[in-house]
file my_file16.txt (compact mmCIF, C-alpha atoms)
# COMPACT_ATOMS: atom_id res chain seq x y z
CA MET A 1 -139.93 168.84 76.53
CA SER A 2 -139.57 171.98 74.47
CA GLN A 3 -139.32 175.41 76.02
CA LEU A 4 -142.74 177.10 76.13
CA SER A 5 -143.84 180.65 76.88
CA ARG A 6 -144.34 181.45 80.58
CA ARG A 7 -145.81 184.27 82.68
CA ASN A 8 -144.06 186.05 85.51
CA PHE A 9 -147.24 186.35 87.52
CA CYS A 10 -149.98 184.12 88.97
CA ARG A 11 -153.53 184.08 87.68
CA LEU A 12 -156.77 182.73 89.14
CA MET A 13 -160.06 181.09 88.25
CA GLY A 14 -162.82 179.60 90.42
CA VAL A 15 -165.97 177.63 91.23
CA SER A 16 -169.55 178.69 91.71
CA VAL A 17 -171.39 178.15 94.97
CA ALA A 18 -174.12 175.56 94.50
CA THR A 19 -175.66 173.12 96.95
CA VAL A 20 -175.10 169.60 95.66
CA GLY A 21 -175.32 166.14 97.19
CA LEU A 22 -174.07 166.21 100.77
CA GLY A 23 -174.68 169.89 101.30
CA LEU A 24 -171.59 170.79 99.31
CA VAL A 25 -170.80 173.85 97.29
CA GLY A 26 -168.89 173.77 94.04
CA CYS A 27 -169.34 174.03 90.29
CA GLY A 28 -172.79 174.50 88.90
CA GLY A 29 -174.47 175.65 85.75
CA SER A 30 -175.41 173.55 82.80
CA GLY A 31 -172.64 170.99 83.08
CA SER A 32 -172.33 171.10 79.32
CA SER A 33 -169.31 172.07 77.35
CA GLY A 34 -169.81 175.64 78.56
CA SER A 35 -169.00 178.59 76.36
CA GLY A 36 -165.49 177.46 75.60
CA ALA A 37 -164.80 175.11 72.74
CA SER A 38 -161.78 172.84 72.70
CA GLY A 39 -158.69 174.91 73.33
CA SER A 40 -160.57 178.15 73.89
CA SER A 41 -160.91 180.37 76.93
CA PRO A 42 -164.56 180.45 78.09
CA ALA A 43 -166.36 183.64 78.87
CA GLY A 44 -166.81 184.74 82.48
CA SER A 45 -167.29 187.80 84.60
CA GLY A 46 -163.53 188.19 85.05
CA PRO A 47 -161.21 189.43 82.30
CA SER A 48 -160.27 186.88 79.67
CA THR A 49 -157.13 187.54 77.68
CA GLY A 50 -155.50 184.22 76.90
CA ASP A 51 -156.02 180.83 75.30
CA VAL A 52 -155.17 177.55 77.04
CA ALA A 53 -154.32 175.89 73.72
CA GLY A 54 -150.73 174.75 73.53
CA LYS A 55 -149.94 175.18 77.22
CA THR A 56 -148.12 172.46 79.19
CA VAL A 57 -149.03 171.71 82.79
CA ALA A 58 -146.93 169.50 85.07
CA PHE A 59 -149.46 167.46 87.06
CA ILE A 60 -147.75 166.30 90.26
CA PRO A 61 -149.32 163.75 92.65
CA LYS A 62 -148.23 162.96 96.20
CA VAL A 63 -147.18 159.52 95.00
CA THR A 64 -147.40 157.54 91.75
CA GLY A 65 -148.89 154.06 91.52
CA ASN A 66 -151.79 154.92 93.84
CA ALA A 67 -155.29 154.32 92.41
CA PHE A 68 -156.56 157.76 93.43
CA PHE A 69 -153.77 159.68 91.72
CA GLU A 70 -153.69 157.44 88.65
CA SER A 71 -157.43 157.99 88.23
CA ALA A 72 -156.95 161.73 88.61
CA ASN A 73 -154.37 161.62 85.85
CA ASN A 74 -156.68 159.64 83.59
CA GLY A 75 -159.32 162.32 83.97
CA ALA A 76 -156.84 165.13 83.42
CA GLN A 77 -155.45 163.55 80.27
CA GLU A 78 -158.88 162.85 78.81
CA HIS A 79 -160.13 166.39 79.32
CA ALA A 80 -156.87 168.11 78.35
CA LYS A 81 -157.04 166.48 74.92
CA LYS A 82 -160.41 168.13 74.34
CA TRP A 83 -159.27 171.42 75.80
CA GLY A 84 -156.15 171.62 73.67
CA PHE A 85 -153.26 171.59 76.14
CA THR A 86 -150.72 169.04 77.41
CA VAL A 87 -150.64 167.42 80.85
CA ASP A 88 -147.26 166.07 81.92
CA TYR A 89 -148.02 163.63 84.76
CA VAL A 90 -144.83 163.24 86.75
CA GLY A 91 -144.11 162.16 90.31
CA ASP A 92 -142.31 159.61 92.44
CA SER A 93 -143.19 156.23 93.92
CA THR A 94 -142.33 157.52 97.39
CA ALA A 95 -144.44 160.18 99.11
CA SER A 96 -141.57 162.36 100.28
CA VAL A 97 -140.74 166.05 100.32
CA SER A 98 -137.36 165.50 98.69
CA ALA A 99 -138.96 163.60 95.80
CA GLN A 100 -141.55 166.34 95.20
CA VAL A 101 -138.95 169.10 95.33
CA SER A 102 -136.88 167.20 92.75
CA VAL A 103 -139.91 166.84 90.47
CA ILE A 104 -140.82 170.53 90.82
CA ASN A 105 -137.30 171.62 89.94
CA GLN A 106 -137.16 169.18 87.03
CA GLU A 107 -140.40 170.44 85.50
CA VAL A 108 -139.50 174.10 85.92
CA ALA A 109 -136.18 173.45 84.20
CA ALA A 110 -138.03 171.65 81.38
CA GLY A 111 -139.98 174.82 80.63
CA VAL A 112 -143.55 173.94 81.59
CA ASP A 113 -146.04 176.77 81.75
CA ALA A 114 -147.60 175.71 85.03
CA LEU A 115 -147.55 173.25 87.92
CA CYS A 116 -150.60 171.63 89.51
CA ILE A 117 -149.46 169.79 92.63
CA SER A 118 -150.91 167.79 95.51
CA THR A 119 -148.38 168.46 98.24
CA VAL A 120 -146.93 165.94 100.67
CA ASP A 121 -145.88 168.74 103.01
CA ALA A 122 -146.84 172.36 102.33
CA ASN A 123 -143.90 173.80 104.25
CA GLY A 124 -141.48 171.27 102.81
CA VAL A 125 -142.14 172.28 99.20
CA SER A 126 -142.61 175.99 99.93
CA ASP A 127 -139.21 177.19 98.76
CA ALA A 128 -139.38 175.14 95.56
CA LEU A 129 -142.82 176.53 94.70
CA LYS A 130 -141.69 180.09 95.37
CA LYS A 131 -138.73 179.55 93.05
CA ALA A 132 -141.06 178.14 90.39
CA THR A 133 -143.22 181.27 90.59
CA ASP A 134 -140.14 183.48 90.43
CA SER A 135 -139.16 181.60 87.28
CA GLY A 136 -142.45 182.52 85.63
CA VAL A 137 -144.27 179.22 86.20
CA VAL A 138 -147.86 179.44 87.43
CA VAL A 139 -148.43 177.32 90.55
CA CYS A 140 -151.82 175.78 91.36
CA THR A 141 -152.74 173.00 93.75
CA TRP A 142 -155.30 170.23 93.94
CA ASP A 143 -156.20 167.58 96.55
CA SER A 144 -153.64 168.71 99.20
CA ASP A 145 -152.85 172.40 99.37
CA ALA A 146 -149.61 174.31 99.50
CA ASN A 147 -149.28 177.38 101.70
CA PRO A 148 -151.83 179.74 100.10
CA GLU A 149 -149.18 182.40 99.53
CA ASP A 150 -147.17 179.88 97.48
CA ARG A 151 -149.85 179.22 94.88
CA CYS A 152 -152.58 180.88 92.88
CA LEU A 153 -155.59 178.58 92.87
CA MET A 154 -156.46 175.51 94.94
CA VAL A 155 -158.97 173.03 93.46
CA SER A 156 -160.35 171.45 96.61
CA GLN A 157 -162.51 168.38 97.14
CA GLY A 158 -164.42 170.23 99.85
CA THR A 159 -164.08 172.22 103.03
CA PRO A 160 -162.59 170.57 106.13
CA ASP A 161 -165.95 170.84 107.90
CA ILE A 162 -167.77 169.11 105.05
CA LEU A 163 -165.25 166.31 104.67
CA GLY A 164 -164.63 165.83 108.39
CA LYS A 165 -168.35 165.47 109.03
CA MET A 166 -168.68 163.12 106.06
CA LEU A 167 -166.05 160.79 107.53
CA VAL A 168 -167.77 160.71 110.92
CA ASP A 169 -171.24 160.28 109.43
CA MET A 170 -170.09 157.29 107.37
CA GLY A 171 -168.67 155.79 110.57
CA VAL A 172 -171.96 156.42 112.37
CA ASP A 173 -173.89 154.63 109.62
CA GLY A 174 -171.58 151.61 109.86
CA LEU A 175 -171.83 151.51 113.65
CA LYS A 176 -175.61 151.61 113.54
CA ARG A 177 -175.70 148.84 110.97
CA ARG A 178 -174.03 146.46 113.41
CA GLY A 179 -176.20 147.40 116.37
CA LYS A 180 -174.20 150.13 118.07
CA ASP A 181 -175.81 153.32 119.36
CA PRO A 182 -173.40 156.13 118.45
CA ASP A 183 -175.44 158.67 120.41
CA SER A 184 -175.25 156.89 123.77
CA ASP A 185 -172.49 154.25 123.51
CA ALA A 186 -168.90 155.05 124.54
CA ILE A 187 -167.54 154.35 121.05
CA THR A 188 -163.79 153.75 120.88
CA TYR A 189 -162.07 154.94 117.72
CA CYS A 190 -158.81 156.07 116.17
CA TRP A 191 -157.40 157.57 112.97
CA HIS A 192 -155.08 155.95 110.43
CA TYR A 193 -153.85 158.08 107.53
CA SER A 194 -150.72 159.12 105.70
CA GLN A 195 -148.83 161.89 107.52
CA ALA A 196 -149.53 164.70 109.97
CA THR A 197 -147.92 167.12 107.51
CA VAL A 198 -150.40 166.41 104.69
CA THR A 199 -152.60 169.49 104.60
CA ASP A 200 -155.87 167.99 103.41
CA GLN A 201 -156.04 164.86 105.55
CA ASN A 202 -154.92 166.64 108.68
CA SER A 203 -157.51 169.39 108.23
CA TRP A 204 -160.29 166.79 107.88
CA HIS A 205 -159.07 165.06 111.04
CA VAL A 206 -159.10 168.32 113.00
CA ALA A 207 -162.59 169.26 111.78
CA ALA A 208 -163.91 165.76 112.47
CA GLU A 209 -162.54 165.76 116.01
CA LYS A 210 -164.36 169.02 116.66
CA TYR A 211 -167.56 167.54 115.26
CA ILE A 212 -167.21 164.40 117.38
CA SER A 213 -166.66 166.42 120.56
CA GLU A 214 -169.87 168.34 119.89
CA ALA A 215 -172.13 165.59 118.52
CA TYR A 216 -170.75 162.46 120.21
CA PRO A 217 -169.11 163.50 123.51
CA LYS A 218 -169.09 159.93 124.85
CA TRP A 219 -166.75 158.72 122.12
CA GLN A 220 -163.13 158.02 123.08
CA ASN A 221 -160.13 158.45 120.79
CA VAL A 222 -157.90 155.66 122.09
CA HIS A 223 -154.80 156.91 120.24
CA PRO A 224 -154.91 160.72 119.93
CA ASP A 225 -151.47 160.79 118.27
CA ASN A 226 -153.00 158.93 115.30
CA TYR A 227 -151.47 156.17 113.17
CA TYR A 228 -149.53 157.09 110.03
CA SER A 229 -148.43 154.83 107.18
CA GLU A 230 -146.90 157.43 104.82
CA GLN A 231 -148.91 156.30 101.78
CA ASP A 232 -146.91 153.08 101.69
CA ALA A 233 -149.20 150.15 100.80
CA GLU A 234 -147.26 147.52 102.75
CA LYS A 235 -146.79 149.80 105.74
CA ALA A 236 -150.53 150.50 105.74
CA ILE A 237 -151.17 146.81 106.34
CA THR A 238 -148.49 146.58 109.03
CA ILE A 239 -149.78 149.69 110.80
CA GLY A 240 -153.34 148.42 110.41
CA GLU A 241 -152.42 145.18 112.15
CA ALA A 242 -150.66 147.14 114.91
CA VAL A 243 -153.87 149.10 115.54
CA LEU A 244 -155.83 145.88 115.96
CA ASP A 245 -153.16 144.29 118.15
CA ALA A 246 -153.17 147.32 120.44
CA TYR A 247 -156.96 147.73 120.52
CA PRO A 248 -158.60 144.40 119.58
CA ASP A 249 -162.07 145.59 120.67
CA ILE A 250 -161.97 148.99 118.98
CA ASP A 251 -165.29 150.07 117.48
CA LEU A 252 -164.26 152.39 114.66
CA ILE A 253 -161.17 153.13 112.57
CA ILE A 254 -161.28 156.16 110.27
CA CYS A 255 -158.85 156.08 107.34
CA ASN A 256 -158.97 159.42 105.55
CA ASP A 257 -156.29 158.32 103.06
CA SER A 258 -156.57 156.26 99.89
CA THR A 259 -153.64 154.02 100.84
CA ALA A 260 -154.43 153.62 104.52
CA LEU A 261 -158.01 152.46 103.94
CA PRO A 262 -157.32 149.37 101.81
CA GLY A 263 -154.31 148.59 104.02
CA GLN A 264 -156.43 148.73 107.16
CA LEU A 265 -159.07 146.54 105.53
CA GLN A 266 -156.49 143.95 104.55
CA ALA A 267 -155.16 144.01 108.10
CA ALA A 268 -158.69 143.45 109.41
CA GLU A 269 -159.16 140.45 107.15
CA ASN A 270 -155.78 139.09 108.21
CA LYS A 271 -156.95 139.30 111.83
CA GLY A 272 -160.37 137.78 111.20
CA TYR A 273 -162.53 140.91 111.44
CA ASN A 274 -165.51 141.83 109.26
CA GLN A 275 -168.08 144.64 109.07
CA ASP A 276 -170.13 142.98 111.82
CA THR A 277 -167.23 143.05 114.30
CA ILE A 278 -165.53 146.34 113.46
CA THR A 279 -166.41 149.50 111.56
CA ILE A 280 -163.78 150.81 109.18
CA THR A 281 -164.44 153.69 106.82
CA GLY A 282 -162.63 156.49 105.03
CA PHE A 283 -161.73 157.84 101.63
CA ALA A 284 -160.45 155.73 98.72
CA SER A 285 -161.33 154.95 95.12
CA PRO A 286 -164.16 152.44 94.63
CA ASN A 287 -162.00 149.98 92.73
CA SER A 288 -159.34 149.84 95.45
CA VAL A 289 -161.89 148.82 98.10
CA LYS A 290 -164.49 146.95 96.04
CA GLN A 291 -163.14 143.50 96.89
CA TYR A 292 -163.19 144.22 100.64
CA CYS A 293 -166.79 145.35 100.28
CA SER A 294 -167.64 142.13 98.45
CA ASN A 295 -165.92 140.18 101.22
CA GLY A 296 -168.11 141.86 103.84
CA THR A 297 -165.23 143.69 105.54
CA ILE A 298 -166.52 147.26 105.01
CA TYR A 299 -170.01 148.70 104.84
CA ASN A 300 -169.34 152.12 103.31
CA TRP A 301 -166.62 154.54 102.27
CA GLY A 302 -166.44 157.71 100.22
CA LEU A 303 -164.57 159.81 97.73
CA TRP A 304 -165.18 162.34 94.97
CA ASP A 305 -164.63 162.37 91.24
CA CYS A 306 -160.84 162.54 91.35
CA GLY A 307 -160.67 162.44 87.55
CA LEU A 308 -162.73 165.62 87.38
CA GLN A 309 -160.65 167.18 90.15
CA GLY A 310 -157.44 166.45 88.29
CA ALA A 311 -158.91 167.88 85.09
CA MET A 312 -160.14 171.03 86.81
CA GLY A 313 -156.79 171.56 88.51
CA CYS A 314 -154.90 171.29 85.26
CA TYR A 315 -157.37 173.51 83.43
CA ALA A 316 -157.01 176.13 86.14
CA ALA A 317 -153.24 176.07 85.80
CA ALA A 318 -153.37 176.34 82.00
CA TYR A 319 -155.96 179.11 82.17
CA LEU A 320 -153.81 181.20 84.47
CA ALA A 321 -150.68 180.49 82.45
CA ALA A 322 -152.54 181.87 79.42
CA GLY A 323 -152.65 185.26 81.12
CA ASN A 324 -156.20 185.30 82.44
CA THR A 325 -156.86 187.18 85.67
CA VAL A 326 -159.81 186.90 88.06
CA LYS A 327 -160.50 187.60 91.73
CA VAL A 328 -162.76 186.25 94.46
CA GLY A 329 -166.35 186.41 93.27
CA ASP A 330 -165.53 186.27 89.57
CA LYS A 331 -167.14 183.47 87.59
CA ILE A 332 -165.88 181.44 84.69
CA ASP A 333 -167.21 178.54 82.63
CA ILE A 334 -164.97 175.47 82.74
CA PRO A 335 -165.71 173.36 79.67
CA ASP A 336 -167.68 170.19 80.54
CA VAL A 337 -168.11 171.42 84.13
CA GLY A 338 -170.13 174.63 84.09
CA GLU A 339 -170.04 178.09 85.63
CA CYS A 340 -167.62 178.39 88.52
CA GLU A 341 -166.89 181.03 91.15
CA VAL A 342 -163.68 181.89 92.98
CA LEU A 343 -163.94 181.43 96.75
CA PRO A 344 -161.65 182.94 99.42
CA ASN A 345 -158.91 180.87 100.99
CA ASP A 346 -160.64 180.79 104.36
CA SER A 347 -163.33 178.61 102.80
CA ILE A 348 -160.93 175.70 103.36
CA ALA A 349 -158.50 177.08 105.96
CA GLU A 350 -159.81 179.13 108.87
CA GLY A 351 -158.18 182.51 109.29
CA VAL A 352 -156.16 182.39 106.07
CA SER A 353 -156.23 185.62 104.10
CA THR A 354 -156.76 185.95 100.35
CA LYS A 355 -154.94 188.33 98.04
CA GLY A 356 -157.04 190.85 96.19
CA GLU A 357 -156.28 189.18 92.89
CA ASN A 358 -154.91 185.88 91.61
CA ASN A 359 -155.45 183.85 94.81
CA GLY A 360 -158.31 181.65 96.02
CA VAL A 361 -160.15 178.32 95.96
CA ILE A 362 -162.63 176.40 93.84
CA LEU A 363 -164.58 173.37 95.05
CA LEU A 364 -165.72 170.20 93.35
CA PRO A 365 -169.48 169.83 92.80
CA GLU A 366 -170.23 166.69 94.83
CA ARG A 367 -169.05 163.73 96.91
CA LEU A 368 -169.84 160.04 96.66
CA VAL A 369 -170.56 157.40 99.31
CA PHE A 370 -169.98 153.83 98.16
CA THR A 371 -171.73 150.67 99.36
CA LYS A 372 -172.24 147.24 97.86
CA GLU A 373 -175.46 148.55 96.30
CA ASN A 374 -173.77 151.17 94.13
CA VAL A 375 -170.05 150.42 93.95
CA ASN A 376 -170.33 148.64 90.62
CA ASP A 377 -171.75 151.81 89.10
CA TYR A 378 -168.28 153.40 89.30
CA ASN A 379 -165.02 152.46 87.64
CA PHE A 380 -162.05 154.40 88.95
call {"tool": "encode", "arguments": {"input": "my_file16.txt", "output": "structure tokens"}}
result
Amino acid sequence: MSQLSRRNFCRLMGVSVATVGLGLVGCGGSGSSGSGASGSSPAGSGPSTGDVAGKTVAFIPKVTGNAFFESANNGAQEHAKKWGFTVDYVGDSTASVSAQVSVINQEVAAGVDALCISTVDANGVSDALKKATDSGVVVCTWDSDANPEDRCLMVSQGTPDILGKMLVDMGVDGLKRRGKDPDSDAITYCWHYSQATVTDQNSWHVAAEKYISEAYPKWQNVHPDNYYSEQDAEKAITIGEAVLDAYPDIDLIICNDSTALPGQLQAAENKGYNQDTITITGFASPNSVKQYCSNGTIYNWGLWDCGLQGAMGCYAAAYLAAGNTVKVGDKIDIPDVGECEVLPNDSIAEGVSTKGENNGVILLPERLVFTKENVNDYNF
């Protein structure tokens, strides 16, 4: 990759607050191509000084080969072509800190203008991201955040409260469908996801536990230490079987991870369970779970438009690398998305401060819940 121009400072853009779907806030406006044509910087209330055309963004997933991250890349590539910049999708087949640090260092050395990363461990990649910024590379995040002081903009799928409640509510719907009374029954449940160090999944778990304690005090978490399968597809099945061996009569398993959910479902099928004998739900792409839904193993699960999230994250990074500066409350039109507003960091992380400039969060516009009735309407 050729050496490209870089900035020695971070920049920021954002998302407007609009109520959409499941009570979410995110991008709004016309949803058209906005005021920016391909390769141009759209107008907004914040200063606009640079053009995204010609920029190169390293788009870094937690792990390659996973349907969620591959779909995010597809969306990023499709939109970047229209917007006039290059997305370099690069990662590793293992979800490890050492692998991500190696990729970060590699891309900085290659001369990219910006990074847009979903972190495996915010603290683990902190030093590498700081060094990237010191080298003049803009750092943004998507999906799973870095430490807010280590990046400019986070493109988030939603707040922990929104996503934690969504996970529990999907579980409640599945429990009711098979005759359970979530309000009065002593529901047994546990969590199965990737790693305790993954910022996004852990924050949803914490928010969901708080919601359960308030709304469903009779529920019992039978394994408060949680089950982790490190985004390893085979390990997800093995761990899933271990859950069922340890708690064969468990009512609900929540898998807030796109690898854990299909692994847990495969484990359930291996052990002879179906949606009438156990409730399993979580977050994963529709295509990765569709067959289990057809088999009658799962009633519902959810996600968001990860292709749009990937595209927005990369656009944000390119926009900041082009020298544009905004602050919390500023608005900007993202082409094909609409008018967006910068939110403070504490919108997704309680108590976290936000710098006066070049630091904050934007949210996606909506979330999706999949069932057998609508799953064939989606292809990612």
call {"tool": "residues_near_point", "arguments": {"input": "my_file16.txt", "point": "(-167.2, 149.0, 93.0)", "cutoff": "6 Å", "atoms": "only C-alpha atoms", "output": "PyMOL selection string"}}
result
chain A and resi 286-287+290+375-376+378
call {"tool": "atom_distance", "arguments": {"input": "my_file16.txt", "atom1": "CA of Glu366 (chain A)", "atom2": "CA of Val172 (chain A)"}}
result
20.4 Å
call {"tool": "residues_around", "arguments": {"input": "my_file16.txt", "residues": "Pro248 (chain A)", "least_positions_apart": "6", "cutoff": "10 Å", "atoms": "all atoms listed in the file", "output": "MDAnalysis selection string"}}
result
chainID A and resid 241:242 271 273 278
call {"tool": "closest_atom_pairs", "arguments": {"input": "my_file16.txt", "of": "region 281-336 of chain A", "to": "region 119-142 of chain A", "cutoff": "8 Å", "atoms": "only C-alpha atoms", "output": "JSON lines"}}
result
{"residue": "A:Gln309", "atom": "CA", "partner": "A:Trp142", "partner_atom": "CA", "distance": 7.2}
{"residue": "A:Gly310", "atom": "CA", "partner": "A:Trp142", "partner_atom": "CA", "distance": 7.1}
{"residue": "A:Gly313", "atom": "CA", "partner": "A:Trp142", "partner_atom": "CA", "distance": 5.8}
{"residue": "A:Ala316", "atom": "CA", "partner": "A:Cys140", "partner_atom": "CA", "distance": 7.4}
{"residue": "A:Ala317", "atom": "CA", "partner": "A:Cys140", "partner_atom": "CA", "distance": 5.7}
{"residue": "A:Leu320", "atom": "CA", "partner": "A:Val138", "partner_atom": "CA", "distance": 6.9}
{"residue": "A:Ala321", "atom": "CA", "partner": "A:Val138", "partner_atom": "CA", "distance": 5.8}
call {"tool": "residues_around", "arguments": {"input": "my_file16.txt", "residues": "region 175-182 of chain A", "least_positions_apart": "3", "cutoff": "9 Å", "atoms": "only C-alpha atoms", "output": "ChimeraX atom specification"}}
result
/A:170-172,185-187,216,218-219,251-252,275-279,299
call {"tool": "residues_around", "arguments": {"input": "my_file16.txt", "residues": "Thr94 (chain A)", "least_positions_apart": "6", "cutoff": "12 Å", "atoms": "only C-alpha atoms", "output": "list in words"}}
result
Pro61, Lys62, Val63, Thr64, Gly65, Asn66, Gln100, Val103, Val120, Ser194, Ser229, Glu230, Gln231, Asp232 and Ala233 of chain A
